[in-house]
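Engineer: Data file structure11.txt (compact mmCIF, N, CA and C atoms) is appended below.
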# COMPACT_ATOMS: atom_id res chain seq x y z
N MET A 1 0.84 -1.17 0.00
CA MET A 1 0.00 0.00 0.00
C MET A 1 0.89 1.23 0.00
N LYS A 2 0.69 2.13 -0.94
CA LYS A 2 1.56 3.28 -1.09
C LYS A 2 1.01 4.54 -0.44
N ASN A 3 -0.25 4.58 -0.10
CA ASN A 3 -0.87 5.76 0.48
C ASN A 3 -0.73 5.72 2.01
N PRO A 4 0.14 6.58 2.60
CA PRO A 4 0.35 6.53 4.05
C PRO A 4 -0.90 6.90 4.85
N ALA A 5 -1.73 7.78 4.32
CA ALA A 5 -2.95 8.15 5.04
C ALA A 5 -3.90 6.96 5.13
N LEU A 6 -4.00 6.20 4.06
CA LEU A 6 -4.85 5.01 4.05
C LEU A 6 -4.31 3.96 5.02
N LYS A 7 -2.99 3.79 5.04
CA LYS A 7 -2.36 2.85 5.97
C LYS A 7 -2.69 3.23 7.42
N LEU A 8 -2.58 4.52 7.73
CA LEU A 8 -2.86 5.00 9.07
C LEU A 8 -4.33 4.78 9.43
N LEU A 9 -5.22 5.08 8.51
CA LEU A 9 -6.64 4.87 8.75
C LEU A 9 -6.94 3.40 9.01
N LEU A 10 -6.39 2.52 8.20
CA LEU A 10 -6.62 1.09 8.39
C LEU A 10 -6.03 0.60 9.71
N ALA A 11 -4.85 1.06 10.08
CA ALA A 11 -4.24 0.65 11.34
C ALA A 11 -5.09 1.09 12.52
N THR A 12 -5.62 2.32 12.46
CA THR A 12 -6.47 2.82 13.53
C THR A 12 -7.76 2.01 13.61
N MET A 13 -8.35 1.71 12.46
CA MET A 13 -9.59 0.93 12.45
C MET A 13 -9.36 -0.45 13.03
N PHE A 14 -8.28 -1.12 12.64
CA PHE A 14 -7.99 -2.45 13.17
C PHE A 14 -7.73 -2.40 14.66
N ALA A 15 -7.06 -1.36 15.14
CA ALA A 15 -6.80 -1.23 16.57
C ALA A 15 -8.11 -1.07 17.34
N LEU A 16 -9.01 -0.23 16.82
CA LEU A 16 -10.29 -0.02 17.50
C LEU A 16 -11.15 -1.28 17.46
N VAL A 17 -11.17 -1.97 16.33
CA VAL A 17 -11.94 -3.20 16.22
C VAL A 17 -11.39 -4.24 17.19
N GLY A 18 -10.07 -4.31 17.31
CA GLY A 18 -9.45 -5.26 18.23
C GLY A 18 -9.84 -5.00 19.67
N ILE A 19 -9.94 -3.73 20.07
CA ILE A 19 -10.33 -3.40 21.44
C ILE A 19 -11.76 -3.83 21.70
N VAL A 20 -12.66 -3.49 20.78
CA VAL A 20 -14.08 -3.76 20.99
C VAL A 20 -14.37 -5.26 20.95
N ASN A 21 -13.62 -6.04 20.16
CA ASN A 21 -13.93 -7.44 19.98
C ASN A 21 -13.20 -8.39 20.93
N LEU A 22 -12.43 -7.86 21.87
CA LEU A 22 -11.79 -8.74 22.84
C LEU A 22 -12.84 -9.36 23.75
N PRO A 23 -12.59 -10.55 24.28
CA PRO A 23 -13.54 -11.16 25.19
C PRO A 23 -13.79 -10.27 26.40
N ALA A 24 -14.99 -10.33 26.93
CA ALA A 24 -15.38 -9.46 28.04
C ALA A 24 -14.44 -9.57 29.23
N HIS A 25 -13.99 -10.78 29.55
CA HIS A 25 -13.13 -10.92 30.72
C HIS A 25 -11.76 -10.27 30.53
N THR A 26 -11.36 -10.03 29.28
CA THR A 26 -10.07 -9.43 29.01
C THR A 26 -10.04 -7.97 29.41
N LEU A 27 -11.14 -7.25 29.19
CA LEU A 27 -11.16 -5.82 29.42
C LEU A 27 -12.10 -5.36 30.53
N SER A 28 -12.71 -6.28 31.24
CA SER A 28 -13.60 -5.80 32.29
C SER A 28 -12.77 -5.10 33.34
N TYR A 29 -13.27 -4.00 33.80
CA TYR A 29 -12.52 -3.18 34.74
C TYR A 29 -13.54 -2.54 35.66
N ASN A 30 -13.35 -2.73 36.92
CA ASN A 30 -14.28 -2.14 37.88
C ASN A 30 -13.67 -0.90 38.51
N ARG A 31 -14.26 0.20 38.25
CA ARG A 31 -13.90 1.43 38.97
C ARG A 31 -14.71 1.44 40.24
N PRO A 32 -14.26 2.13 41.27
CA PRO A 32 -15.06 2.21 42.48
C PRO A 32 -16.47 2.71 42.17
N GLY A 33 -17.45 1.93 42.58
CA GLY A 33 -18.84 2.31 42.38
C GLY A 33 -19.41 1.91 41.04
N SER A 34 -18.64 1.21 40.20
CA SER A 34 -19.16 0.83 38.90
C SER A 34 -19.68 -0.59 38.91
N ALA A 35 -20.45 -0.91 37.88
CA ALA A 35 -21.04 -2.24 37.79
C ALA A 35 -20.12 -3.23 37.09
N GLY A 36 -19.01 -2.76 36.50
CA GLY A 36 -18.06 -3.64 35.85
C GLY A 36 -18.56 -4.22 34.53
N THR A 37 -18.67 -3.39 33.52
CA THR A 37 -19.12 -3.86 32.21
C THR A 37 -17.97 -3.80 31.23
N THR A 38 -18.22 -4.16 30.01
CA THR A 38 -17.17 -4.21 29.00
C THR A 38 -17.08 -2.90 28.25
N PRO A 39 -15.93 -2.62 27.65
CA PRO A 39 -15.74 -1.38 26.92
C PRO A 39 -16.74 -1.22 25.79
N GLY A 40 -17.14 0.02 25.58
CA GLY A 40 -17.99 0.33 24.44
C GLY A 40 -19.43 -0.11 24.58
N SER A 41 -19.84 -0.61 25.74
CA SER A 41 -21.16 -1.19 25.86
C SER A 41 -22.27 -0.16 26.06
N ASN A 42 -21.92 1.10 26.29
CA ASN A 42 -22.98 2.05 26.61
C ASN A 42 -23.00 3.30 25.72
N VAL A 43 -22.23 3.34 24.65
CA VAL A 43 -22.21 4.51 23.80
C VAL A 43 -22.32 4.08 22.34
N ASN A 44 -23.17 4.76 21.60
CA ASN A 44 -23.33 4.49 20.17
C ASN A 44 -22.84 5.68 19.37
N ALA A 45 -22.51 5.46 18.11
CA ALA A 45 -22.06 6.55 17.25
C ALA A 45 -23.10 7.67 17.25
N GLY A 46 -22.61 8.89 17.39
CA GLY A 46 -23.49 10.05 17.38
C GLY A 46 -24.13 10.36 18.72
N GLN A 47 -23.99 9.48 19.69
CA GLN A 47 -24.59 9.70 21.01
C GLN A 47 -23.61 10.50 21.86
N LYS A 48 -24.05 11.64 22.35
CA LYS A 48 -23.20 12.47 23.19
C LYS A 48 -23.23 11.94 24.61
N SER A 49 -22.12 12.10 25.31
CA SER A 49 -22.06 11.73 26.71
C SER A 49 -21.22 12.77 27.43
N ASP A 50 -21.73 13.28 28.54
CA ASP A 50 -21.00 14.28 29.31
C ASP A 50 -20.17 13.66 30.42
N ASN A 51 -20.51 12.46 30.86
CA ASN A 51 -19.80 11.82 31.96
C ASN A 51 -18.65 10.97 31.40
N VAL A 52 -17.64 11.65 30.87
CA VAL A 52 -16.49 10.99 30.26
C VAL A 52 -15.24 11.44 31.01
N VAL A 53 -14.46 10.48 31.49
CA VAL A 53 -13.23 10.81 32.19
C VAL A 53 -12.09 9.93 31.67
N CYS A 54 -10.86 10.38 31.92
CA CYS A 54 -9.70 9.60 31.50
C CYS A 54 -8.74 9.43 32.66
N GLU A 55 -7.96 8.38 32.58
CA GLU A 55 -6.89 8.13 33.53
C GLU A 55 -5.64 7.79 32.74
N ILE A 56 -4.51 8.33 33.14
CA ILE A 56 -3.24 8.02 32.51
C ILE A 56 -2.71 6.75 33.19
N ILE A 57 -2.27 5.79 32.37
CA ILE A 57 -1.86 4.48 32.89
C ILE A 57 -0.46 4.11 32.38
N PRO A 58 0.24 3.26 33.11
CA PRO A 58 1.53 2.77 32.60
C PRO A 58 1.31 1.87 31.39
N ALA A 59 2.27 1.91 30.46
CA ALA A 59 2.20 1.08 29.25
C ALA A 59 3.54 0.35 29.10
N PRO A 60 3.65 -0.54 28.11
CA PRO A 60 4.89 -1.31 27.94
C PRO A 60 6.14 -0.44 27.81
N ASN A 61 7.25 -0.97 28.29
CA ASN A 61 8.58 -0.35 28.16
C ASN A 61 8.67 1.06 28.74
N LYS A 62 8.09 1.23 29.91
CA LYS A 62 8.15 2.51 30.64
C LYS A 62 7.57 3.67 29.84
N THR A 63 6.47 3.40 29.15
CA THR A 63 5.75 4.44 28.42
C THR A 63 4.39 4.62 29.08
N TRP A 64 3.54 5.45 28.45
CA TRP A 64 2.25 5.80 29.06
C TRP A 64 1.10 5.62 28.08
N GLY A 65 -0.05 5.28 28.60
CA GLY A 65 -1.27 5.17 27.83
C GLY A 65 -2.41 5.80 28.61
N TYR A 66 -3.63 5.46 28.22
CA TYR A 66 -4.78 6.02 28.93
C TYR A 66 -5.98 5.08 28.86
N ASP A 67 -6.83 5.22 29.84
CA ASP A 67 -8.14 4.57 29.85
C ASP A 67 -9.18 5.68 29.78
N ILE A 68 -10.23 5.45 29.01
CA ILE A 68 -11.34 6.39 28.91
C ILE A 68 -12.57 5.68 29.49
N PHE A 69 -13.23 6.34 30.42
CA PHE A 69 -14.43 5.80 31.05
C PHE A 69 -15.63 6.65 30.68
N ILE A 70 -16.74 6.01 30.38
CA ILE A 70 -18.00 6.69 30.15
C ILE A 70 -19.00 6.12 31.14
N GLU A 71 -19.61 7.00 31.91
CA GLU A 71 -20.55 6.57 32.96
C GLU A 71 -19.90 5.53 33.87
N ASN A 72 -18.63 5.75 34.23
CA ASN A 72 -17.85 4.86 35.11
C ASN A 72 -17.58 3.49 34.51
N ARG A 73 -17.73 3.35 33.20
CA ARG A 73 -17.46 2.06 32.53
C ARG A 73 -16.31 2.25 31.56
N LEU A 74 -15.39 1.28 31.56
CA LEU A 74 -14.26 1.36 30.66
C LEU A 74 -14.75 1.33 29.21
N PHE A 75 -14.35 2.34 28.44
CA PHE A 75 -14.73 2.42 27.04
C PHE A 75 -13.53 2.18 26.13
N ILE A 76 -12.37 2.76 26.48
CA ILE A 76 -11.15 2.59 25.69
C ILE A 76 -9.99 2.31 26.64
N HIS A 77 -9.23 1.28 26.33
CA HIS A 77 -7.99 0.95 27.04
C HIS A 77 -6.87 1.07 26.02
N GLN A 78 -6.13 2.18 26.06
CA GLN A 78 -5.14 2.49 25.02
C GLN A 78 -3.74 2.48 25.62
N THR A 79 -2.99 1.41 25.33
CA THR A 79 -1.63 1.31 25.85
C THR A 79 -0.57 1.58 24.79
N SER A 80 -0.99 1.86 23.57
CA SER A 80 -0.05 2.22 22.51
C SER A 80 -0.51 3.54 21.89
N VAL A 81 0.40 4.18 21.18
CA VAL A 81 0.06 5.45 20.53
C VAL A 81 -0.91 5.14 19.39
N PRO A 82 -2.12 5.70 19.42
CA PRO A 82 -3.10 5.38 18.38
C PRO A 82 -2.63 5.85 17.01
N GLY A 83 -2.88 5.02 16.01
CA GLY A 83 -2.55 5.38 14.64
C GLY A 83 -1.08 5.26 14.29
N MET A 84 -0.28 4.74 15.22
CA MET A 84 1.16 4.60 14.97
C MET A 84 1.54 3.13 15.10
N PRO A 85 2.54 2.68 14.35
CA PRO A 85 2.96 1.29 14.44
C PRO A 85 3.64 1.00 15.78
N GLY A 86 3.61 -0.25 16.19
CA GLY A 86 4.29 -0.65 17.41
C GLY A 86 3.35 -0.78 18.59
N ASN A 87 3.90 -1.28 19.69
CA ASN A 87 3.10 -1.52 20.89
C ASN A 87 3.38 -0.56 22.03
N GLU A 88 4.37 0.31 21.85
CA GLU A 88 4.73 1.20 22.94
C GLU A 88 3.77 2.38 23.02
N GLY A 89 3.65 2.89 24.23
CA GLY A 89 2.80 4.05 24.46
C GLY A 89 3.56 5.35 24.26
N PHE A 90 3.05 6.39 24.87
CA PHE A 90 3.65 7.71 24.78
C PHE A 90 4.89 7.78 25.67
N LYS A 91 5.88 8.53 25.24
CA LYS A 91 7.12 8.65 26.01
C LYS A 91 6.92 9.44 27.30
N THR A 92 5.92 10.33 27.31
CA THR A 92 5.67 11.14 28.52
C THR A 92 4.21 11.04 28.94
N LYS A 93 3.98 11.28 30.22
CA LYS A 93 2.61 11.33 30.73
C LYS A 93 1.85 12.48 30.07
N GLU A 94 2.56 13.57 29.83
CA GLU A 94 1.93 14.75 29.24
C GLU A 94 1.40 14.45 27.84
N GLY A 95 2.17 13.72 27.05
CA GLY A 95 1.71 13.35 25.72
C GLY A 95 0.46 12.49 25.77
N ALA A 96 0.46 11.51 26.68
CA ALA A 96 -0.72 10.65 26.85
C ALA A 96 -1.91 11.47 27.31
N ALA A 97 -1.68 12.42 28.22
CA ALA A 97 -2.77 13.24 28.75
C ALA A 97 -3.37 14.14 27.67
N LYS A 98 -2.52 14.69 26.80
CA LYS A 98 -3.03 15.55 25.71
C LYS A 98 -3.96 14.77 24.78
N VAL A 99 -3.52 13.58 24.41
CA VAL A 99 -4.32 12.78 23.48
C VAL A 99 -5.58 12.27 24.18
N ALA A 100 -5.47 11.86 25.44
CA ALA A 100 -6.65 11.40 26.18
C ALA A 100 -7.69 12.52 26.27
N ALA A 101 -7.25 13.74 26.56
CA ALA A 101 -8.18 14.88 26.62
C ALA A 101 -8.82 15.14 25.26
N PHE A 102 -8.04 14.97 24.19
CA PHE A 102 -8.55 15.14 22.83
C PHE A 102 -9.64 14.10 22.54
N VAL A 103 -9.39 12.85 22.95
CA VAL A 103 -10.36 11.78 22.74
C VAL A 103 -11.62 12.03 23.57
N VAL A 104 -11.46 12.47 24.80
CA VAL A 104 -12.61 12.78 25.65
C VAL A 104 -13.47 13.86 25.00
N ALA A 105 -12.83 14.90 24.48
CA ALA A 105 -13.58 15.98 23.82
C ALA A 105 -14.36 15.45 22.62
N LYS A 106 -13.76 14.55 21.85
CA LYS A 106 -14.46 13.97 20.69
C LYS A 106 -15.67 13.16 21.14
N ILE A 107 -15.51 12.37 22.18
CA ILE A 107 -16.63 11.56 22.68
C ILE A 107 -17.75 12.46 23.18
N LYS A 108 -17.40 13.51 23.89
CA LYS A 108 -18.41 14.44 24.40
C LYS A 108 -19.19 15.13 23.28
N LYS A 109 -18.57 15.24 22.09
CA LYS A 109 -19.24 15.82 20.93
C LYS A 109 -20.06 14.77 20.17
N GLY A 110 -19.94 13.51 20.57
CA GLY A 110 -20.68 12.45 19.89
C GLY A 110 -19.89 11.73 18.82
N GLU A 111 -18.58 11.96 18.73
CA GLU A 111 -17.75 11.29 17.74
C GLU A 111 -17.31 9.93 18.27
N VAL A 112 -18.04 8.90 17.90
CA VAL A 112 -17.75 7.54 18.35
C VAL A 112 -17.72 6.64 17.13
N PRO A 113 -16.62 5.94 16.87
CA PRO A 113 -15.40 5.92 17.67
C PRO A 113 -14.59 7.19 17.45
N PRO A 114 -13.87 7.61 18.47
CA PRO A 114 -13.07 8.83 18.39
C PRO A 114 -11.70 8.54 17.76
N THR A 115 -11.54 8.83 16.49
CA THR A 115 -10.29 8.52 15.80
C THR A 115 -9.22 9.57 16.10
N VAL A 116 -7.98 9.13 16.08
CA VAL A 116 -6.82 10.00 16.27
C VAL A 116 -5.88 9.75 15.10
N THR A 117 -5.55 10.79 14.38
CA THR A 117 -4.68 10.67 13.21
C THR A 117 -3.26 11.11 13.57
N ALA A 118 -2.33 10.80 12.68
CA ALA A 118 -0.95 11.25 12.86
C ALA A 118 -0.90 12.78 12.88
N GLU A 119 -1.73 13.41 12.07
CA GLU A 119 -1.80 14.87 12.06
C GLU A 119 -2.29 15.40 13.41
N ASP A 120 -3.28 14.74 14.01
CA ASP A 120 -3.76 15.14 15.34
C ASP A 120 -2.62 15.05 16.35
N LEU A 121 -1.85 13.97 16.30
CA LEU A 121 -0.73 13.79 17.23
C LEU A 121 0.30 14.90 17.08
N LYS A 122 0.56 15.31 15.82
CA LYS A 122 1.50 16.39 15.58
C LYS A 122 0.97 17.72 16.12
N LYS A 123 -0.31 18.00 15.84
CA LYS A 123 -0.91 19.25 16.32
C LYS A 123 -0.91 19.33 17.83
N LEU A 124 -1.12 18.20 18.48
CA LEU A 124 -1.14 18.15 19.95
C LEU A 124 0.27 18.13 20.54
N ASN A 125 1.28 18.00 19.68
CA ASN A 125 2.67 17.89 20.13
C ASN A 125 2.79 16.76 21.17
N ALA A 126 2.22 15.61 20.82
CA ALA A 126 2.13 14.49 21.76
C ALA A 126 3.16 13.41 21.54
N LEU A 127 3.96 13.52 20.51
CA LEU A 127 4.96 12.47 20.24
C LEU A 127 6.32 12.83 20.77
Could you rewrite the structure in this file as structure tokens?

Structural biologist:
Amino acid sequence: MKNPALKLLLATMFALVGIVNLPAHTLSYNRPGSAGTTPGSNVNAGQKSDNVVCEIIPAPNKTWGYDIFIENRLFIHQTSVPGMPGNEGFKTKEGAAKVAAFVVAKIKKGEVPPTVTAEDLKKLNAL
């Protein structure tokens, strides 16, 4: 494939599909006071949600990722830089926090799934 934008789009789509299609026991996460459901179970495309929060988490090789919760339920567990090759996360907590906040803003606007492009990462100065 010679088109880098298409490659990035496909990689992001496969990453998101992989998260949503994992078995429930793989991603179930109980936050204090939550019922412990699976990611993506309570939000549909175009549906706005105001109760969206993020947490910065450790990722492989001393890097950083994030979890996104909607209504106290895990929606996204991101341990690698979205839209980029490899399994490592962000080099800094600040980079992970910038992208997590960007994703939260997209979800609050009803953009589900909330895609992140290489251009978004550059604009956020997150790499």

Engineer: So, counting only C-alpha atoms, which residue among A:Glu94, A:Asn61, A:Ile76, A:Gly83 is closest to A:Thr117?

Structural biologist: A:Gly83

Engineer: Given the choices A:Ala59, A:Ile107, A:Ala101, A:Ile68, which gets closest to A:Glu88 if the distance is worked out from only C-alpha atoms?

Structural biologist: A:Ala59

Engineer: Edge lengths and centre in Å to one decimal, as lines of an AutoDock Vina configuration file, is what I'm after for the box along x, y and z that holds all listed atoms of stretch 89-105 of chain A once 8 Å is added on each side.

Structural biologist:
center_x = -3.6
center_y = 9.4
center_z = 26.6
size_x = 37.5
size_y = 29.1
size_z = 24.2

Engineer: Could you tell me how far atom CA of A:Glu71 lies from atom N of A:Ala97, in Å and to one decimal?

Structural biologist: 20.3 Å

Engineer: Just to confirm, what's the straight-line distance from atom N of A:Thr79 to atom N of A:Glu111 in Å (one decimal)?

Structural biologist: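 Those two atoms sit 19.9 Å apart.
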
Engineer: Calculated over all atoms listed in the file, which of the candidates A:Asn51, A:Asn125, A:Thr92, A:Thr115 has the smallest distance to A:Gly65?

Structural biologist: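 Smallest distance to A:Gly65 is found for A:Thr92.
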
Engineer: Find, counting only N, CA and C atoms, the residue in A:Asp50, A:Lys123, A:Pro114, A:Asp67 that gets nearest to A:Ala100.

Structural biologist: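 That would be A:Asp67, the residue with the smallest distance to A:Ala100.
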
Engineer: Hey, can you check how far atom CA of A:Pro113 sits from atom CA of A:Lys62?

Structural biologist: 27.1 Å

Engineer: Measuring atom to atom with only C-alpha atoms, identify which of A:Val53, A:Trp64, A:Val104, A:Leu121 is nearest to A:Phe90.

Structural biologist: A:Trp64

Engineer: Give the answer as one residue: which of A:Ala118, A:Ala96, A:Val112, A:Val81 has the shortest atom-to-atom distance to A:Ile57, using only C-alpha atoms?

Structural biologist: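 For A:Ile57, the nearest of the given residues is A:Ala96.
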